[in-house]
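Peer 1: Coordinates in input13.pdb, PDB, C-alpha atoms, are listed below.
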MODEL        1
ATOM      1  CA  MET N   1     174.502-169.967  79.826
ATOM      2  CA  ILE N   2     173.411-172.174  76.951
ATOM      3  CA  GLU N   3     173.292-175.152  79.308
ATOM      4  CA  VAL N   4     171.007-173.282  81.716
ATOM      5  CA  LEU N   5     168.640-172.404  78.871
ATOM      6  CA  ALA N   6     168.745-175.978  77.572
ATOM      7  CA  SER N   7     168.001-177.316  81.057
ATOM      8  CA  VAL N   8     164.993-175.036  81.379
ATOM      9  CA  LEU N   9     163.726-176.161  77.965
ATOM     10  CA  LEU N  10     164.242-179.855  78.770
ATOM     11  CA  ILE N  11     162.488-179.712  82.137
ATOM     12  CA  ALA N  12     159.646-177.570  80.760
ATOM     13  CA  GLY N  13     159.090-179.935  77.844
ATOM     14  CA  SER N  14     159.136-182.984  80.076
ATOM     15  CA  VAL N  15     156.636-181.402  82.459
ATOM     16  CA  ILE N  16     154.351-180.499  79.550
ATOM     17  CA  VAL N  17     154.527-184.067  78.241
ATOM     18  CA  LEU N  18     153.696-185.270  81.760
ATOM     19  CA  ILE N  19     150.685-182.931  81.922
ATOM     20  CA  ALA N  20     149.528-184.296  78.562
ATOM     21  CA  SER N  21     149.838-187.857  79.836
ATOM     22  CA  ILE N  22     147.859-187.089  83.001
ATOM     23  CA  GLY N  23     145.262-185.490  80.742
ATOM     24  CA  ILE N  24     145.137-188.624  78.620
ATOM     25  CA  ILE N  25     144.362-190.612  81.758
ATOM     26  CA  LYS N  26     142.046-188.238  83.602
ATOM     27  CA  LEU N  27     139.897-186.509  80.967
ATOM     28  CA  PRO N  28     136.398-187.934  80.645
ATOM     29  CA  ASP N  29     135.722-188.065  76.906
ATOM     30  CA  PHE N  30     137.560-189.413  73.894
ATOM     31  CA  TYR N  31     137.706-186.046  72.185
ATOM     32  CA  CYS N  32     139.066-184.373  75.316
ATOM     33  CA  ARG N  33     141.795-186.987  75.479
ATOM     34  CA  LEU N  34     142.513-186.386  71.800
ATOM     35  CA  HIS N  35     142.859-182.684  72.525
ATOM     36  CA  ALA N  36     145.312-183.328  75.344
ATOM     37  CA  ALA N  37     147.401-185.752  73.302
ATOM     38  CA  GLY N  38     147.367-183.868  70.043
ATOM     39  CA  VAL N  39     148.026-180.332  71.182
ATOM     40  CA  ILE N  40     150.229-180.569  74.227
ATOM     41  CA  ASP N  41     152.346-183.455  72.997
ATOM     42  CA  THR N  42     153.489-181.469  69.969
ATOM     43  CA  MET N  43     154.466-178.532  72.192
ATOM     44  CA  GLY N  44     156.292-180.741  74.672
ATOM     45  CA  SER N  45     158.239-182.523  71.978
ATOM     46  CA  TRP N  46     159.268-179.188  70.478
ATOM     47  CA  LEU N  47     160.524-177.946  73.840
ATOM     48  CA  VAL N  48     162.493-181.125  74.552
ATOM     49  CA  LEU N  49     164.012-181.223  71.067
ATOM     50  CA  GLY N  50     164.847-177.517  71.308
ATOM     51  CA  GLY N  51     166.752-178.179  74.509
ATOM     52  CA  LEU N  52     168.623-181.041  72.873
ATOM     53  CA  LEU N  53     169.322-178.845  69.842
ATOM     54  CA  LEU N  54     171.044-176.320  72.099
ATOM     55  CA  LEU N  55     173.086-179.124  73.680
ATOM     56  CA  SER N  56     174.159-180.849  70.460
ATOM     57  CA  GLY N  57     177.830-180.173  69.988
ATOM     58  CA  ASN N  58     178.388-180.196  66.265
ATOM     59  CA  LEU N  59     176.292-179.381  63.233
ATOM     60  CA  VAL N  60     175.393-182.944  62.206
ATOM     61  CA  ASN N  61     173.720-183.904  65.484
ATOM     62  CA  GLY N  62     171.859-180.628  65.601
ATOM     63  CA  PHE N  63     170.645-181.221  62.066
ATOM     64  CA  LYS N  64     169.326-184.664  63.031
ATOM     65  CA  VAL N  65     167.496-183.213  66.042
ATOM     66  CA  ALA N  66     166.004-180.516  63.816
ATOM     67  CA  ILE N  67     164.853-183.154  61.320
ATOM     68  CA  ILE N  68     163.120-185.075  64.136
ATOM     69  CA  GLY N  69     161.414-181.863  65.231
ATOM     70  CA  VAL N  70     160.185-181.063  61.726
ATOM     71  CA  LEU N  71     158.936-184.627  61.248
ATOM     72  CA  LEU N  72     157.012-184.559  64.529
ATOM     73  CA  PHE N  73     155.645-181.121  63.656
ATOM     74  CA  PHE N  74     154.082-182.484  60.493
ATOM     75  CA  ILE N  75     153.253-186.047  61.551
ATOM     76  CA  ALA N  76     151.555-185.539  64.919
ATOM     77  CA  PRO N  77     148.706-183.282  63.634
ATOM     78  CA  VAL N  78     148.154-185.579  60.643
ATOM     79  CA  VAL N  79     147.749-188.636  62.852
ATOM     80  CA  SER N  80     145.545-186.767  65.339
ATOM     81  CA  HIS N  81     143.355-185.571  62.470
ATOM     82  CA  ALA N  82     143.066-189.070  61.025
ATOM     83  CA  ILE N  83     142.093-190.564  64.391
ATOM     84  CA  ALA N  84     139.555-187.795  65.039
ATOM     85  CA  ARG N  85     138.027-188.218  61.593
ATOM     86  CA  ALA N  86     137.735-191.972  61.989
ATOM     87  CA  ALA N  87     136.171-191.485  65.423
ATOM     88  CA  ILE N  88     133.644-188.978  64.068
ATOM     89  CA  GLU N  89     132.711-191.354  61.261
ATOM     90  CA  TYR N  90     132.322-194.212  63.689
ATOM     91  CA  ASP N  91     130.559-192.038  66.263
ATOM     92  CA  ALA N  92     132.849-192.830  69.160
ATOM     93  CA  ASP N  93     130.430-191.682  71.859
ATOM     94  CA  LYS N  94     128.002-194.424  70.942
ATOM     95  CA  ALA N  95     130.799-196.964  70.848
ATOM     96  CA  GLU N  96     131.539-196.739  74.571
ATOM     97  CA  GLY N  97     132.099-200.174  75.944
ATOM     98  CA  LYS N  98     131.744-201.839  72.571
ATOM     99  CA  ASP N  99     135.275-203.077  72.250
ATOM    100  CA  GLY N 100     137.076-205.773  70.322
TER     101      GLY N 100
ATOM    102  CA  MET Z   1     178.454-177.987  84.965
ATOM    103  CA  ALA Z   2     178.556-181.624  83.922
ATOM    104  CA  ASP Z   3     177.062-182.835  87.171
ATOM    105  CA  SER Z   4     174.096-180.499  87.026
ATOM    106  CA  MET Z   5     173.481-181.514  83.406
ATOM    107  CA  ASP Z   6     173.436-185.159  84.499
ATOM    108  CA  ILE Z   7     170.804-184.311  87.110
ATOM    109  CA  VAL Z   8     168.742-182.475  84.485
ATOM    110  CA  TYR Z   9     168.939-185.453  82.115
ATOM    111  CA  LEU Z  10     167.938-187.801  84.933
ATOM    112  CA  ILE Z  11     164.924-185.711  85.940
ATOM    113  CA  SER Z  12     163.813-185.377  82.314
ATOM    114  CA  LEU Z  13     164.165-189.113  81.687
ATOM    115  CA  LEU Z  14     162.237-189.994  84.843
ATOM    116  CA  ILE Z  15     159.395-187.643  83.914
ATOM    117  CA  LEU Z  16     159.294-189.055  80.379
ATOM    118  CA  LEU Z  17     159.221-192.621  81.703
ATOM    119  CA  PHE Z  18     156.302-191.766  83.987
ATOM    120  CA  ALA Z  19     154.524-190.236  80.993
ATOM    121  CA  LEU Z  20     155.132-193.456  79.035
ATOM    122  CA  ALA Z  21     153.555-195.413  81.892
ATOM    123  CA  CYS Z  22     150.519-193.092  81.796
ATOM    124  CA  SER Z  23     150.096-193.777  78.070
ATOM    125  CA  LEU Z  24     150.286-197.513  78.688
ATOM    126  CA  VAL Z  25     147.566-197.237  81.354
ATOM    127  CA  ARG Z  26     145.253-195.533  78.864
ATOM    128  CA  ALA Z  27     146.089-198.107  76.195
ATOM    129  CA  GLY Z  28     145.169-200.819  78.682
ATOM    130  CA  LEU Z  29     141.831-199.545  79.918
ATOM    131  CA  GLY Z  30     140.637-197.398  77.025
ATOM    132  CA  PRO Z  31     136.953-198.059  76.448
ATOM    133  CA  THR Z  32     137.081-197.761  72.670
ATOM    134  CA  TRP Z  33     139.505-198.657  69.919
ATOM    135  CA  PHE Z  34     140.273-195.008  69.315
ATOM    136  CA  ASP Z  35     141.584-194.527  72.836
ATOM    137  CA  ARG Z  36     144.018-197.369  72.296
ATOM    138  CA  ILE Z  37     145.180-195.999  68.935
ATOM    139  CA  LEU Z  38     145.598-192.551  70.482
ATOM    140  CA  ALA Z  39     147.529-193.953  73.435
ATOM    141  CA  VAL Z  40     149.860-195.955  71.182
ATOM    142  CA  ASN Z  41     150.500-192.904  69.004
ATOM    143  CA  SER Z  42     151.271-190.806  72.066
ATOM    144  CA  PHE Z  43     153.506-193.606  73.338
ATOM    145  CA  THR Z  44     155.579-193.542  70.158
ATOM    146  CA  THR Z  45     156.065-189.774  70.348
ATOM    147  CA  LYS Z  46     157.161-189.953  73.974
ATOM    148  CA  SER Z  47     159.477-192.862  73.295
ATOM    149  CA  ILE Z  48     161.135-190.850  70.508
ATOM    150  CA  LEU Z  49     161.772-188.082  73.034
ATOM    151  CA  ALA Z  50     163.015-190.551  75.649
ATOM    152  CA  ILE Z  51     165.430-192.186  73.167
ATOM    153  CA  SER Z  52     166.801-188.777  72.181
ATOM    154  CA  VAL Z  53     167.299-187.641  75.773
ATOM    155  CA  TYR Z  54     168.877-190.979  76.710
ATOM    156  CA  PHE Z  55     171.467-190.881  73.948
ATOM    157  CA  PHE Z  56     172.323-187.287  74.786
ATOM    158  CA  ALA Z  57     172.644-188.241  78.446
ATOM    159  CA  THR Z  58     175.000-191.129  77.759
ATOM    160  CA  GLY Z  59     177.262-188.915  75.652
ATOM    161  CA  HIS Z  60     176.579-190.544  72.278
ATOM    162  CA  PRO Z  61     174.396-188.033  70.455
ATOM    163  CA  GLU Z  62     175.258-189.578  67.087
ATOM    164  CA  TYR Z  63     172.997-192.545  67.844
ATOM    165  CA  ILE Z  64     169.981-190.254  67.532
ATOM    166  CA  ASP Z  65     169.502-191.816  64.091
ATOM    167  CA  ILE Z  66     167.466-194.483  65.914
ATOM    168  CA  ALA Z  67     164.979-191.874  67.109
ATOM    169  CA  LEU Z  68     164.926-190.385  63.604
ATOM    170  CA  LEU Z  69     164.068-193.733  62.023
ATOM    171  CA  TYR Z  70     161.447-194.408  64.686
ATOM    172  CA  ALA Z  71     159.856-191.024  63.966
ATOM    173  CA  LEU Z  72     159.821-191.925  60.277
ATOM    174  CA  ILE Z  73     158.132-195.321  60.663
ATOM    175  CA  SER Z  74     155.906-194.824  63.707
ATOM    176  CA  TYR Z  75     153.178-192.755  62.113
ATOM    177  CA  VAL Z  76     152.676-195.391  59.422
ATOM    178  CA  GLY Z  77     151.530-197.759  62.156
ATOM    179  CA  SER Z  78     148.915-195.376  63.530
ATOM    180  CA  LEU Z  79     147.613-194.497  60.068
ATOM    181  CA  ALA Z  80     147.459-198.205  59.223
ATOM    182  CA  PHE Z  81     145.383-198.871  62.349
ATOM    183  CA  VAL Z  82     142.973-196.067  61.463
ATOM    184  CA  SER Z  83     142.717-197.206  57.855
ATOM    185  CA  TYR Z  84     142.167-200.823  58.847
ATOM    186  CA  PHE Z  85     139.486-199.829  61.298
ATOM    187  CA  ASN Z  86     137.679-197.789  58.668
ATOM    188  CA  GLN Z  87     137.800-200.687  56.235
ATOM    189  CA  ASN Z  88     136.518-203.045  58.880
ATOM    190  CA  ARG Z  89     133.656-200.758  59.787
ATOM    191  CA  SER Z  90     132.425-200.108  56.270
ATOM    192  CA  GLY Z  91     132.058-203.801  55.544
ATOM    193  CA  VAL Z  92     133.293-203.394  52.004
ATOM    194  CA  GLY Z  93     136.759-204.616  52.780
ATOM    195  CA  ASP Z  94     138.665-202.711  50.122
ATOM    196  CA  ASN Z  95     138.514-198.979  49.781
ATOM    197  CA  GLY Z  96     142.076-198.387  48.809
ATOM    198  CA  GLY Z  97     143.281-197.792  52.342
ATOM    199  CA  THR Z  98     142.012-194.233  52.512
ATOM    200  CA  THR Z  99     140.296-192.665  55.476
ATOM    201  CA  GLY Z 100     138.195-190.321  53.403
ATOM    202  CA  ARG Z 101     134.640-189.548  54.266
ATOM    203  CA  GLY Z 102     132.607-190.348  51.239
ATOM    204  CA  ASP Z 103     134.611-192.825  49.239
ATOM    205  CA  HIS Z 104     133.140-195.998  50.669
ATOM    206  CA  GLN Z 105     129.505-195.174  51.238
TER     207      GLN Z 105
ENDMDL
END
Will you turn the file into structure tokens for me?
Peer 2:
Amino acid sequence: MIEVLASVLLIAGSVIVLIASIGIIKLPDFYCRLHAAGVIDTMGSWLVLGGLLLLSGNLVNGFKVAIIGVLLFFIAPVVSHAIARAAIEYDADKAEGKDG
Amino acid sequence: MADSMDIVYLISLLILLFALACSLVRAGLGPTWFDRILAVNSFTTKSILAISVYFFATGHPEYIDIALLYALISYVGSLAFVSYFNQNRSGVGDNGGTTGRGDHQ
């Protein structure tokens, strides 16, 4: 029963990460891509790590998986916020095509 | 039950690898610097997930320390890129490495 629930969580998280990646490719603007990467990636990683947490046999491995989840929960919004703030300061819409 | 779990691990790993390829495509053709930084950050998150799923699939879940260390050091790279880009843009060259709004204007 636990394995069925863990399988559902793993597949759902992987599909959400895939949707986020397709959004990163297909969305038209930088801020839209930032939305797709920042929001959905956190959710997908939580689902995948939750599935692995159900599958981890003993307490130590489950604790490591939980630590990874907590780290991603705090790190991913911080990095997304920093990138968005830098892009707003630089005015990323005017910087289209001005690379290097 | 072991066989079906192997199939689930395989499907999850294949989907995660395709997602990694999507991130690399955006990092390759992103029109601005920020797209590349965003794609690399997303790539690190997905690779952490892929490493975790792979070590659970091969039956060695104790090696998940590698994913833990990668989660600890990966965000420093993205924040360093953002900080370096802000320094480069302001033209001052040394603002203490912060990404604050008003501290270098």
Peer 1: Counting only C-alpha atoms, which residue out of N:Ala66, N:Ala82, N:Leu34, N:Met43 sits closest to Ser78 (chain Z)?
Peer 2: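 Answer, going by the shortest atom-to-atom distance: N:Ala82.
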Peer 1: Which residues fall under the PyMOL selection byres ((chain N and resi 19) around 12) in this file, as number ranges by chain?
Peer 2: N: 12-18, 20-27, 33, 36-37, 39-41, 43-44; Z: 15-16, 18-20, 22-23
Peer 1: May I ask for the distance between CA of Leu17 (chain Z) and CA of Thr44 (chain Z), given in Å to one decimal place?
Peer 2: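 Rounded to one decimal, the two atoms are 12.1 Å apart.
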Peer 1: Running the ChimeraX specification (/N :<8) & /Z on this model by hand, what would come out? Give it as a VMD selection string.
Peer 2: chain Z and resid 5 8 11 to 12 15 to 16 18 to 20 22 to 23 25 to 26 31 to 35 37 to 39 41 to 42 45 to 46 49 52 to 53 56 61 to 62 64 to 65 67 to 68 71 to 72 75 78 to 79 82 86 89 99 101
Peer 1: What's the separation between CA of Phe73 (chain N) and CA of Leu47 (chain N), in Å to one decimal place?
Peer 2: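 A separation of 11.7 Å between them.
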Peer 1: Around all the atoms of region 6-16 of chain Z listed in the file, with 4 Å of room on each side, what axis-aligned box do you get, giving centre and edge lengths in Å to one decimal, as JSON?
Peer 2:
{"center_x": 166.4, "center_y": -186.2, "center_z": 83.7, "size_x": 22.1, "size_y": 15.5, "size_z": 14.7}
Peer 1: Rank nothing, just name the residue among Z:Leu13, Z:Val40, Z:Ala21, Z:Leu29 nearest to Gly77 (chain Z), using only C-alpha atoms.
Peer 2: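 That would be Z:Val40, the residue with the smallest distance to Gly77 (chain Z).
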Peer 1: Take CA of Gly59 (chain Z) and CA of Leu54 (chain N) and report the distance between them in Å, one decimal.
Peer 2: 14.5 Å
Peer 1: With N, CA and C atoms as the target, complete region 55-77 of chain Z and hand it back as an mmCIF file, in the coordinates of the input.
Peer 2:
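rebuild26.cif written:
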data_model
loop_
_atom_site.group_PDB
_atom_site.id
_atom_site.type_symbol
_atom_site.label_atom_id
_atom_site.label_comp_id
_atom_site.auth_asym_id
_atom_site.auth_seq_id
_atom_site.Cartn_x
_atom_site.Cartn_y
_atom_site.Cartn_z
ATOM 1 N N PHE Z 55 170.189 -190.855 74.658
ATOM 2 C CA PHE Z 55 171.467 -190.881 73.948
ATOM 3 C C PHE Z 55 172.255 -189.605 74.164
ATOM 4 N N PHE Z 56 171.569 -188.482 74.410
ATOM 5 C CA PHE Z 56 172.323 -187.287 74.786
ATOM 6 C C PHE Z 56 172.896 -187.424 76.185
ATOM 7 N N ALA Z 57 172.169 -188.116 77.077
ATOM 8 C CA ALA Z 57 172.644 -188.241 78.446
ATOM 9 C C ALA Z 57 173.841 -189.168 78.536
ATOM 10 N N THR Z 58 173.876 -190.203 77.698
ATOM 11 C CA THR Z 58 175.000 -191.129 77.759
ATOM 12 C C THR Z 58 176.203 -190.641 76.962
ATOM 13 N N GLY Z 59 176.120 -189.469 76.346
ATOM 14 C CA GLY Z 59 177.262 -188.915 75.652
ATOM 15 C C GLY Z 59 177.496 -189.453 74.263
ATOM 16 N N HIS Z 60 176.478 -190.086 73.671
ATOM 17 C CA HIS Z 60 176.579 -190.544 72.278
ATOM 18 C C HIS Z 60 175.461 -189.924 71.454
ATOM 19 N N PRO Z 61 175.522 -188.643 71.188
ATOM 20 C CA PRO Z 61 174.396 -188.033 70.455
ATOM 21 C C PRO Z 61 174.335 -188.431 68.988
ATOM 22 N N GLU Z 62 175.338 -189.175 68.493
ATOM 23 C CA GLU Z 62 175.258 -189.578 67.087
ATOM 24 C C GLU Z 62 174.302 -190.745 66.882
ATOM 25 N N TYR Z 63 173.938 -191.440 67.984
ATOM 26 C CA TYR Z 63 172.997 -192.545 67.844
ATOM 27 C C TYR Z 63 171.552 -192.072 67.747
ATOM 28 N N ILE Z 64 171.346 -190.776 67.589
ATOM 29 C CA ILE Z 64 169.981 -190.254 67.532
ATOM 30 C C ILE Z 64 169.319 -190.622 66.214
ATOM 31 N N ASP Z 65 170.088 -191.264 65.312
ATOM 32 C CA ASP Z 65 169.502 -191.816 64.091
ATOM 33 C C ASP Z 65 168.376 -192.802 64.402
ATOM 34 N N ILE Z 66 168.501 -193.513 65.540
ATOM 35 C CA ILE Z 66 167.466 -194.483 65.914
ATOM 36 C C ILE Z 66 166.144 -193.760 66.153
ATOM 37 N N ALA Z 67 166.199 -192.652 66.873
ATOM 38 C CA ALA Z 67 164.979 -191.874 67.109
ATOM 39 C C ALA Z 67 164.447 -191.303 65.806
ATOM 40 N N LEU Z 68 165.356 -190.926 64.902
ATOM 41 C CA LEU Z 68 164.926 -190.385 63.604
ATOM 42 C C LEU Z 68 164.189 -191.436 62.793
ATOM 43 N N LEU Z 69 164.737 -192.652 62.761
ATOM 44 C CA LEU Z 69 164.068 -193.733 62.023
ATOM 45 C C LEU Z 69 162.736 -194.091 62.667
ATOM 46 N N TYR Z 70 162.701 -194.078 64.013
ATOM 47 C CA TYR Z 70 161.447 -194.408 64.686
ATOM 48 C C TYR Z 70 160.377 -193.353 64.401
ATOM 49 N N ALA Z 71 160.810 -192.076 64.326
ATOM 50 C CA ALA Z 71 159.856 -191.024 63.966
ATOM 51 C C ALA Z 71 159.373 -191.207 62.530
ATOM 52 N N LEU Z 72 160.245 -191.743 61.666
ATOM 53 C CA LEU Z 72 159.821 -191.925 60.277
ATOM 54 C C LEU Z 72 158.829 -193.066 60.121
ATOM 55 N N ILE Z 73 158.986 -194.157 60.896
ATOM 56 C CA ILE Z 73 158.132 -195.321 60.663
ATOM 57 C C ILE Z 73 156.962 -195.399 61.614
ATOM 58 N N SER Z 74 156.933 -194.588 62.689
ATOM 59 C CA SER Z 74 155.906 -194.824 63.707
ATOM 60 C C SER Z 74 154.531 -194.378 63.233
ATOM 61 N N TYR Z 75 154.498 -193.261 62.470
ATOM 62 C CA TYR Z 75 153.178 -192.755 62.113
ATOM 63 C C TYR Z 75 152.495 -193.659 61.101
ATOM 64 N N VAL Z 76 153.282 -194.453 60.358
ATOM 65 C CA VAL Z 76 152.676 -195.391 59.422
ATOM 66 C C VAL Z 76 151.834 -196.417 60.169
ATOM 67 N N GLY Z 77 152.294 -196.809 61.361
ATOM 68 C CA GLY Z 77 151.530 -197.759 62.156
ATOM 69 C C GLY Z 77 150.187 -197.201 62.587
#
